[in-house]
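To keep things clear, I will list the structure first and then write my remarks on it.
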2 protein chains.
Amino acid sequence: MRVAELAQVAGVSADTVRYYERVGLLRPPPRTASGYRAYDESAADRVRFIQGGQRLGLRLRDIGELLAVRDTGVCPCEPAEELLTRRLAELDAELARLAALRAEMVRMIDALPSPDCPPPEPGTWCPPGTDAERR
Amino acid sequence: MRVAELAQVAGVSADTVRYYERVGLLRPPPRTASGYRAYDESAADRVRFIQGGQRLGLRLRDIGELLAVRDTGVCPCEPAEELLTRRLAELDAELARLAALRAEMVRMIDALPSPDCPPPEPGTWCPPGTDAERR
DNA sequence: CTAAACCTTGGAGCACACTCCAAAGTCAAG
DNA sequence: CTTGACTTTGGAGTGTGCTCCAAGGTTTAG
């Protein structure tokens, strides 16, 4: 498998594959006589592992750590569990933040009279949250 | 008001104030004889407007457009309403995405045996969503 | 008068995950 | 043998919103 083929089966670009190698997520594959990268199936698996981690919102750095553990022959379940638990907490915080924001936004949109709102009085205005009580 | 003072009352850094000027969110203020920026109260209001927009997740570019409208003396309510409505849709999409992700993550964490999980079999593994059915 | 604390500028750097480039080499089809 | 599609490399650029820097000028307190 050459780089474009790996990229294709894994659903990323060839540039991305090379990028992953640069940052240490993929180990340098063997090369053909002419210097082309020659991947085997495990590389595709590895890229899919990376994609899976990304879908969960893990950063490449974290995924790299999981891969490093896996490369020692040990199951990365334990660090993965910790990462995922931490990420879940982040996710919950983010969900709460967005939900609060959404509520505020709905209030603001409702409060927007649209016709004949007052000319720019300095100090108070449409966007700021502190303005929601205008109207 | 000099730059640090404006920064202080508005809750940002002096660098940030200068940055806003650079990117066109704050108009260049008058200068003292020695070249120091001299702000009046309206600048603080403007920075607060920016902060308000940011809290809602608007990008500086969007906030700049609102400010540009406001600078013409017209109320930016109408463009604001459009922006906010669009942003609300984004927010809803993001909320849905995160909620789905959260559910998947909980399933994955539950499925993690932690003790004695199998050694790295290539092809299937902890992180990928496609692995949730392992075990 | 001096020292500290401010101010000025243009430009670089950060985080993140790519994405694109030019210049050169390689490979397969026709 | 030529053409076109691939490959290689290091390095630069993208977007977002800052943040920090050096080298110099200004202001203020003691």
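Naming scheme: A, B, ... for chains in displayed order of the structure tokens; residues 1 onward per chain; ligands 1 onward as shown.
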Chain C residues within 12 Å of chain A, counting only C-alpha atoms (C1' of nucleotides): which ones, as an NGL selection string? :C and (15-21 or 25-27)
Using only C-alpha atoms (C1' of nucleotides), determine which residues of chain D fall within 12 Å of chain B; present them as an mmCIF file with C-alpha atoms (C1' of nucleotides), in the first residue's frame.
```
data_model
loop_
_atom_site.group_PDB
_atom_site.id
_atom_site.type_symbol
_atom_site.label_atom_id
_atom_site.label_comp_id
_atom_site.auth_asym_id
_atom_site.auth_seq_id
_atom_site.Cartn_x
_atom_site.Cartn_y
_atom_site.Cartn_z
ATOM 1 C "C1'" DG D 15 -8.130 30.345 10.824
ATOM 2 C "C1'" DT D 16 -9.077 32.275 15.488
ATOM 3 C "C1'" DG D 17 -8.042 35.402 19.118
ATOM 4 C "C1'" DC D 18 -5.014 36.669 21.289
ATOM 5 C "C1'" DT D 19 -0.125 37.136 23.719
ATOM 6 C "C1'" DC D 20 4.519 38.394 23.984
ATOM 7 C "C1'" DC D 21 8.624 40.675 22.430
ATOM 8 C "C1'" DG D 25 9.961 57.180 24.368
ATOM 9 C "C1'" DT D 26 7.017 59.259 28.513
ATOM 10 C "C1'" DT D 27 5.297 60.019 32.901
#
```
Quick one: residues within 12 Å of DA23 in chain D, only C-alpha atoms (C1' of nucleotides) counted, chain neighbours fewer than 3 positions away excluded, as a ChimeraX atom specification? /C:8-10
Any idea what's packed within 7 Å of Leu66 in chain A, counting only C-alpha atoms (C1' of nucleotides), ignoring anything in its chain fewer than 3 positions away? Could you give it as a compact mmCIF listing (two decimals) with all heavy atoms, in the first residue's frame?
```txt
# COMPACT_ATOMS: atom_id res chain seq x y z
N ASP A 62 -3.45 13.12 22.92
CA ASP A 62 -4.01 12.06 23.76
C ASP A 62 -4.02 10.74 23.02
O ASP A 62 -3.69 9.69 23.56
CB ASP A 62 -5.44 12.40 24.17
CG ASP A 62 -5.49 13.67 25.03
OD1 ASP A 62 -4.52 13.93 25.76
OD2 ASP A 62 -6.49 14.39 24.93
N ILE A 63 -4.43 10.80 21.78
CA ILE A 63 -4.50 9.59 20.98
C ILE A 63 -3.10 9.01 20.85
O ILE A 63 -2.90 7.80 20.94
CB ILE A 63 -5.10 9.91 19.59
CG1 ILE A 63 -6.53 10.42 19.75
CG2 ILE A 63 -5.06 8.68 18.69
CD1 ILE A 63 -7.14 10.97 18.48
N VAL A 69 0.96 3.47 24.39
CA VAL A 69 0.71 2.37 25.32
C VAL A 69 0.45 1.08 24.54
O VAL A 69 1.03 0.04 24.81
CB VAL A 69 -0.48 2.67 26.25
CG1 VAL A 69 -0.84 1.45 27.06
CG2 VAL A 69 -0.17 3.85 27.15
N ARG A 70 -0.38 1.22 23.53
CA ARG A 70 -0.71 0.05 22.73
C ARG A 70 0.56 -0.55 22.11
O ARG A 70 0.70 -1.76 22.01
CB ARG A 70 -1.70 0.43 21.63
CG ARG A 70 -2.08 -0.76 20.76
CD ARG A 70 -3.31 -0.49 19.93
NE ARG A 70 -3.01 0.09 18.65
CZ ARG A 70 -3.76 -0.11 17.55
NH1 ARG A 70 -4.86 -0.84 17.61
NH2 ARG A 70 -3.45 0.45 16.43
N PRO A 76 -4.46 -0.32 26.11
CA PRO A 76 -4.59 1.05 26.61
C PRO A 76 -5.93 1.32 27.28
O PRO A 76 -6.30 2.48 27.46
CB PRO A 76 -4.43 1.88 25.34
CG PRO A 76 -4.95 1.01 24.26
CD PRO A 76 -4.68 -0.41 24.67
N PRO A 79 -5.63 3.79 30.54
CA PRO A 79 -5.50 5.22 30.22
C PRO A 79 -6.68 5.72 29.41
O PRO A 79 -7.12 6.86 29.57
CB PRO A 79 -4.20 5.30 29.43
CG PRO A 79 -3.85 3.91 29.06
CD PRO A 79 -4.48 3.02 30.07
N ALA A 80 -7.22 4.87 28.55
CA ALA A 80 -8.37 5.28 27.75
C ALA A 80 -9.55 5.61 28.66
O ALA A 80 -10.24 6.61 28.47
CB ALA A 80 -8.75 4.19 26.76
```
Would you kindly return, as a list in words, each protein, DNA or RNA residue with an atom no farther than 12 Å from any atom of Arg55 in chain A, considering only C-alpha atoms (C1' of nucleotides) and excluding same-chain residues fewer than 4 positions away?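 Once the adjacent positions are removed, what remains is Arg48, Phe49, Ile50, Gln51, Arg59, Leu60, Ile63, Leu84 and Arg87 of chain A; Arg97, Leu98, Ala100, Leu101, Arg102, Glu104, Met105, Pro127, Pro128, Gly129 and Thr130 of chain B.
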Under the rule that only C-alpha atoms are counted, which of B:Gln8, B:Cys75, B:Gly64, B:Thr32 is the nearest residue to chain A? B:Cys75
When DSSP is applied to the backbone of this structure, which of chain A are assigned helix (DSSP H, G or I)? Write them out as a ChimeraX atom specification. /A:3-10,14-22,41-55,60-71,77-111,129-131
Counting only C-alpha atoms (C1' of nucleotides), what is within 12 Å of DT3 in chain D, bar same-chain residues fewer than 4 positions away, as a list in words?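 Non-adjacent residues within range: DC27, DA28, DA29 and DG30 of chain C.
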Could the residues in this selection be written to a file with N, CA and C atoms (P, O5', C5', C4', C3', O3' and C1' of nucleotides), as a PDB file, in the first residue's frame?
```pdb
ATOM      1  P    DC C  27      10.166   3.019  -9.111  1.00  0.00           P
ATOM      2  O5'  DC C  27       8.705   2.652  -9.631  1.00  0.00           O
ATOM      3  C5'  DC C  27       7.580   3.326  -9.105  1.00  0.00           C
ATOM      4  C4'  DC C  27       6.469   3.345 -10.133  1.00  0.00           C
ATOM      5  C3'  DC C  27       6.437   2.165 -11.091  1.00  0.00           C
ATOM      6  O3'  DC C  27       5.168   1.562 -10.942  1.00  0.00           O
ATOM      7  C1'  DC C  27       6.192   4.214 -12.244  1.00  0.00           C
ATOM      8  P    DA C  28       4.922   0.091 -11.582  1.00  0.00           P
ATOM      9  O5'  DA C  28       3.788   0.406 -12.650  1.00  0.00           O
ATOM     10  C5'  DA C  28       2.674   1.208 -12.263  1.00  0.00           C
ATOM     11  C4'  DA C  28       1.847   1.531 -13.482  1.00  0.00           C
ATOM     12  C3'  DA C  28       1.739   0.376 -14.494  1.00  0.00           C
ATOM     13  O3'  DA C  28       0.386   0.318 -14.948  1.00  0.00           O
ATOM     14  C1'  DA C  28       2.661   2.282 -15.549  1.00  0.00           C
ATOM     15  P    DA C  29       0.000  -0.732 -16.112  1.00  0.00           P
ATOM     16  O5'  DA C  29      -0.462   0.285 -17.245  1.00  0.00           O
ATOM     17  C5'  DA C  29      -1.184   1.472 -16.877  1.00  0.00           C
ATOM     18  C4'  DA C  29      -1.480   2.282 -18.116  1.00  0.00           C
ATOM     19  C3'  DA C  29      -1.848   1.461 -19.346  1.00  0.00           C
ATOM     20  O3'  DA C  29      -2.841   2.189 -20.081  1.00  0.00           O
ATOM     21  C1'  DA C  29       0.137   2.674 -19.788  1.00  0.00           C
ATOM     22  P    DG C  30      -3.392   1.558 -21.491  1.00  0.00           P
ATOM     23  O5'  DG C  30      -2.593   2.365 -22.593  1.00  0.00           O
ATOM     24  C5'  DG C  30      -2.706   3.782 -22.665  1.00  0.00           C
ATOM     25  C4'  DG C  30      -1.905   4.272 -23.852  1.00  0.00           C
ATOM     26  C3'  DG C  30      -2.147   3.491 -25.149  1.00  0.00           C
ATOM     27  O3'  DG C  30      -2.131   4.403 -26.257  1.00  0.00           O
ATOM     28  C1'  DG C  30       0.136   3.422 -24.616  1.00  0.00           C
TER      29       DG C  30
END
```
Tell me, in Å to one decimal, how far CA of Leu91 in chain A is from CA of Arg61 in chain A. 18.0 Å
Would you please work out which residue, of A:Gly52, A:Ala111, A:Glu94, A:Ala99, is nearest to chain B when using only C-alpha atoms? A:Gly52
May I ask which of the residues B:Ala68, B:Ala10, B:Ala93, B:Cys77 is the closest one to chain A, counting only C-alpha atoms? B:Cys77
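The space separating CA of Leu25 in chain A from CA of Ile109 in chain B comes to 23.4 Å.
Minimum distance to chain A across B:Ala33, B:Leu83, B:Gly53, B:Met108 (counting only C-alpha atoms) occurs at B:Gly53.
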